[in-house]
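**Q** Pasting in a structure now, in structure tokens, and then I'll have a few things to ask.
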Amino acid sequence: MATLTLNDIRKSFGSTTVLHGINLDIAEGEMVVIVGASGCGKSTLLRIAAGLETPTSGTVRIADRDVTELEPADRDIAMVFQNYALYPHMTVFDNMAYGLKIRGMTRDAIRQRVEEAAGLLGITPLLSRRPRELSGGQRQRVAMGRAIVREPKLFLFDEPLSNLDAKLRVQMRAEIRRLQRRLGVTSLFVTHDQVEAMTLGDRLVVMNQGRAAQIATPMEIFAKPADTYVAAFIGSPSMNLLRATLDDGGRSATLAAGGSVSFDEPRPGPAGQAVIIGIRPEHVTLGGELPVAIELVEPLGSETVLHGTLPSGEAMAVRVQGAAPVNGGSMPVSFTHSIHVFDAETGKRI
Amino acid sequence: MRKNVIFRGKLLPLLLLLPQLVITGLFFFWPAGQAIWSSMLREDAFGLSSNFVGLENFTDVILDPTWRAAAGTTAVFAFSVAILALSVALLLAVQADKAIRGSSLYKTLLIWPYAVAPAVAAVLWLFLFHPQIGLIGRALSTAQIAWDYRLNGGQAMLLVIVASAWKQVSYNFIFFLAGLQSIPKSVLEAAAIDGARPVRRFWTVVFPLLSPTSFFLLTVNLVYAFFDTFGVIHALTQGGPAKATETLIYKVYIDGVENLNLGSSAAQSVILMLIVIAMTVVQFRFIERKVHY
């Protein structure tokens, strides 16, 4: 149990820069989730924390000790891999005991620790089997067990749930969260799945092209996305982003699609400045002056998502409770609350 | 996906198989049949007549102390070649697996010895180790080391072992490299995070995962040392000095071609044939039951 500090981590492979200076502080016992599209550098960042890659510049500190130059073996960490990376020629017991044997623990102590961890994960009956005789979920548990028995300072998870089917993923997600809380081990979790990120993390790091677009709690990221990338990435269906220009005084904006939206507080900026108005599908008010030409209706039972286009040609999604109010044609909407405003040029929240 | 091709008639498939069948029949079944037949005949000293003696040639061969000595020599030779060729190839494959820059050149160069004919390879080693004309042989003499494989049986054995192993390293190298590259990188990373240093990682993770490859190669190498090293031995030592490097296959040649004892030579080659059949059976059995990690 320890803190993890990443200080201005940069990484280049040849002439391609994949990380442009990441700063991150993880408190003791905290679970931080790095989320982003594939190729954003999230796995590289995790591998740098593990010591499997060396950063081009920057420092990694675990429990206030500079470990940047240390081998993975000397960092006292455990990692769960996407493909589980179990030792195929060893039994489940030996897989879990491997790290302990290397540390020179006695046989009895190893047995006790492994059995305890196996009990915690419900894999006691599997201890004498080999990895190829296990299902995906069981392998995942063994990989978790291998990490737990070591009682490391830090847990690293590299998309550990993406090879599981949907139902098992939800189950394992809850299990990982429960276990992490119970053991109180500082954890860094990488995923491309926003639901996984929102439900697992104490805090999230949303990464975009090698930069941390926003580091905050899940609710804060949802309520106040730092830029248009975060706004579009978190939330499903994603936030509607519409072109507009700021009116005089910054209290309202004129949409490219026609009509205007007013804000509860004024935004700085000259009249006529190009902005992007963000509105989540569930925050759209039905009825108003803006017609949406409905193209697709997705009934989800308790709610319905309607997809259409505005007169400006911009796509628009609307989420309503219960059944669809219309089945096609045109539906008037307006935006009255929960409006996000972004700078059209930089994409930053204003 | 369906891979079977279905022919309408029987003529075309037979025609397509014919070249292989002719070659196998002409160069394998016919001589093998001849050998089995000859192994049960005994010729008079002038080769004018032969009479059927049943399995007498076999009992004679097995009871013959020189044949037993050759069998012992063969065992020492074959296991030494196999172990040397396997361990050198494994070492090289591990290094090649690590190398990133220039690895394809390295791999290509390592594969070349396999293309060298046994006799040519032997001549190459002869030019290195001959006491009078060999580069290394002369250097050893200059350094006051008594080196003459034509007189010292141990040295002769060492030379044919090294020369034979050298030729087989390439073959083993290719298989080991493929085996190493099929080990998932994340498994090795997991071991690194578990605290295992490279040497420990090799012996506890890499080596066990390579064991199916190693076993397959061990059989192939033994078969190679038993049968394909005739050229090397013939060019380097002719089985000498004092039969120190006379393996079973070389003895077949000496007894049959030089001593013209056809019955005994044929019986010996039939015994060798049985050994290779047994080895092939073991190998195929193993491949069928091979553990897929």
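Letters A, B, ... go to the chains of the structure tokens in the order shown; residues in each chain start at 1; ligands are counted from 1 in the same order.
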Pull out every residue of chain B sitting within 9 Å of chain A, counting only C-alpha atoms, and send them as a list of chain:residue names.
**A**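 That gives B:Pro184, B:Lys185, B:Ser186, B:Val187, B:Leu188, B:Glu189, B:Ala190, B:Ala191, B:Ala192, B:Ile193, B:Asp194, B:Gly195, B:Ala196, B:Arg197, B:Arg200, B:Val205, B:Pro208, B:Leu209, B:His292, B:Tyr293 for chain B.
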**Q** Env of region 76-80 of chain B: 9 Å cut, atoms = only C-alpha atoms, seq-sep filter 2 positions within chain, self excluded. Answer as an MDAnalysis selection string.
**A** chainID B and resid 71:74 82:85 157:158 160:162 165 218 221:226 245 247
**Q** Print the selection's residues with C-alpha atoms to a file, as an mmCIF file, in the first residue's frame.
**A**
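Once written, again_29.cif looks like this:
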data_model
loop_
_atom_site.group_PDB
_atom_site.id
_atom_site.type_symbol
_atom_site.label_atom_id
_atom_site.label_comp_id
_atom_site.auth_asym_id
_atom_site.auth_seq_id
_atom_site.Cartn_x
_atom_site.Cartn_y
_atom_site.Cartn_z
ATOM 1 C CA ALA B 71 27.295 -49.789 -30.570
ATOM 2 C CA GLY B 72 28.890 -48.251 -27.484
ATOM 3 C CA THR B 73 30.837 -45.765 -29.618
ATOM 4 C CA THR B 74 27.634 -44.877 -31.439
ATOM 5 C CA ALA B 82 22.652 -34.294 -29.876
ATOM 6 C CA ILE B 83 23.423 -32.562 -26.588
ATOM 7 C CA LEU B 84 26.112 -30.320 -28.070
ATOM 8 C CA ALA B 85 24.023 -29.379 -31.117
ATOM 9 C CA MET B 157 36.006 -38.629 -31.317
ATOM 10 C CA LEU B 158 35.929 -35.026 -30.156
ATOM 11 C CA VAL B 160 33.828 -35.846 -35.358
ATOM 12 C CA ILE B 161 31.385 -34.902 -32.586
ATOM 13 C CA VAL B 162 32.068 -31.183 -32.990
ATOM 14 C CA ALA B 165 27.101 -31.109 -34.187
ATOM 15 C CA LEU B 218 16.374 -34.665 -29.460
ATOM 16 C CA ASN B 221 19.281 -35.213 -33.642
ATOM 17 C CA LEU B 222 19.761 -38.788 -32.487
ATOM 18 C CA VAL B 223 18.521 -40.082 -35.824
ATOM 19 C CA TYR B 224 20.874 -37.638 -37.545
ATOM 20 C CA ALA B 225 23.860 -38.745 -35.456
ATOM 21 C CA PHE B 226 23.033 -42.414 -36.083
ATOM 22 C CA THR B 245 35.209 -43.399 -34.195
ATOM 23 C CA THR B 247 29.917 -46.028 -35.389
#
**Q** DSSP on the backbone: which residues in region 102-286 of chain B end up as helix (DSSP H, G or I)? Give the answer as number ranges by chain.
**A** B: 103-115, 118-129, 135-142, 153-181, 185-193, 198-227, 230-236, 248-258, 262-286
**Q** Apply DSSP to the structure's backbone, then extract all residues of region 168-302 of chain A labelled strand (DSSP E or B) and return them as number ranges by chain.
**A** A: 186-191, 203-208, 211-216, 227, 240-246, 252-255, 260-262, 274-279, 285-299
**Q** So that I can check the surroundings of Leu92 (chain B), please list as a CSV table (one decimal) with C-alpha atoms, in the first residue's frame every protein, DNA and RNA residue that reaches within 10 Å of it, counting only C-alpha atoms and ignoring chain neighbours fewer than 2 positions away.
**A**
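The result, stored in selection_27.csv:
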chain,number,residue,atom,x,y,z
B,86,LEU,CA,20.9,-28.7,-29.0
B,87,SER,CA,22.6,-26.6,-26.3
B,88,VAL,CA,24.6,-24.5,-28.8
B,89,ALA,CA,21.5,-24.0,-30.9
B,90,LEU,CA,19.4,-23.0,-27.9
B,94,VAL,CA,18.0,-17.1,-27.2
B,95,GLN,CA,20.5,-14.5,-28.4
B,96,ALA,CA,18.8,-14.2,-31.8
B,97,ASP,CA,15.5,-13.8,-30.1
B,98,LYS,CA,16.9,-10.9,-28.1
B,106,TYR,CA,22.4,-13.2,-38.0
B,107,LYS,CA,19.6,-15.7,-38.6
B,110,LEU,CA,23.3,-19.3,-38.7
B,169,VAL,CA,23.0,-26.6,-35.0
B,170,SER,CA,21.3,-24.6,-37.8
B,172,ASN,CA,17.9,-26.9,-34.2
B,173,PHE,CA,18.3,-23.2,-34.2
B,174,ILE,CA,15.4,-22.6,-36.5
B,176,PHE,CA,14.2,-23.2,-31.1
B,177,LEU,CA,13.8,-19.7,-32.5
**Q** What is the CA of Pro225 (chain A) to CA of Thr3 (chain A) distance in Å?
**A**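 Rounded to one decimal, the two atoms are 26.1 Å apart.
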**Q** Go ahead and compute the interatomic distance for CA of Gly287 (chain A) and CA of Phe335 (chain A), in Å to one decimal.
**A**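 These two atoms are separated by 9.6 Å.
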**Q** Mind pulling up the distance from CA of Ala213 (chain A) to CA of Val18 (chain A)?
**A**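 Answer for the CA of Val18 (chain A) to CA of Ala213 (chain A) separation: 14.1 Å.
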**Q** Would you mind listing what lies within 12 Å of Leu128 (chain B) as a list in words, with only C-alpha atoms counted and same-chain residues fewer than 4 positions away left out?
**A** Ala121, Ala122, Val123, Leu124, Gln132, Ile133, Gly134, Leu135, Ile136, Gly137, Arg138, Ala139, Leu140, Leu159, Ala163 and Leu236 of chain B
**Q** What's around Ala226 (chain A) at 10 Å? Count only C-alpha atoms, leave out sequence neighbours fewer than 5 positions away in its own chain, and write the answer as a PDB file with C-alpha atoms, in the first residue's frame.
**A**
ATOM      1  CA  VAL A 206      -9.262  10.586 -19.731  1.00  0.00           C
ATOM      2  CA  ALA A 213      -7.412  15.573 -21.228  1.00  0.00           C
ATOM      3  CA  GLN A 214      -8.921  15.529 -17.735  1.00  0.00           C
ATOM      4  CA  ILE A 215      -8.168  13.997 -14.346  1.00  0.00           C
ATOM      5  CA  ALA A 216     -11.152  14.102 -11.985  1.00  0.00           C
ATOM      6  CA  GLU A 220     -17.084  15.645 -12.173  1.00  0.00           C
ATOM      7  CA  ILE A 221     -15.980  14.433 -15.574  1.00  0.00           C
ATOM      8  CA  ALA A 231     -17.519  15.492 -23.440  1.00  0.00           C
ATOM      9  CA  HIS A 340     -21.920  23.057 -21.803  1.00  0.00           C
ATOM     10  CA  PHE A 342     -16.641  25.019 -25.384  1.00  0.00           C
ATOM     11  CA  GLY A 347     -12.169  22.688 -27.690  1.00  0.00           C
ATOM     12  CA  LYS A 348     -11.676  23.768 -24.054  1.00  0.00           C
ATOM     13  CA  ARG A 349     -14.578  24.373 -21.715  1.00  0.00           C
ATOM     14  CA  ILE A 350     -15.485  28.017 -21.154  1.00  0.00           C
TER      15      ILE A 350
END
**Q** What's the 6 Å shell around Leu156 (chain A), counting only C-alpha atoms, without same-chain residues fewer than 2 positions away, as an NGL selection string?
**A** :A and (79 or 187-189)
**Q** Go ahead and save the picked residues with C-alpha atoms, as a PDB file, in the first residue's frame.
**A**
ATOM      1  CA  MET A  79       0.023  -6.663 -12.771  1.00  0.00           C
ATOM      2  CA  SER A 187      -4.425   0.599  -8.098  1.00  0.00           C
ATOM      3  CA  LEU A 188      -4.034   1.834 -11.615  1.00  0.00           C
ATOM      4  CA  PHE A 189      -6.520   0.374 -14.081  1.00  0.00           C
TER       5      PHE A 189
END
**Q** Show which residues sit within 8 Å of region 251-263 of chain B, as a VMD selection string. Count only C-alpha atoms, and ignore same-chain residues fewer than 5 positions away.
**A** chain B and resid 38 to 43 57 67 70 246 268 to 269
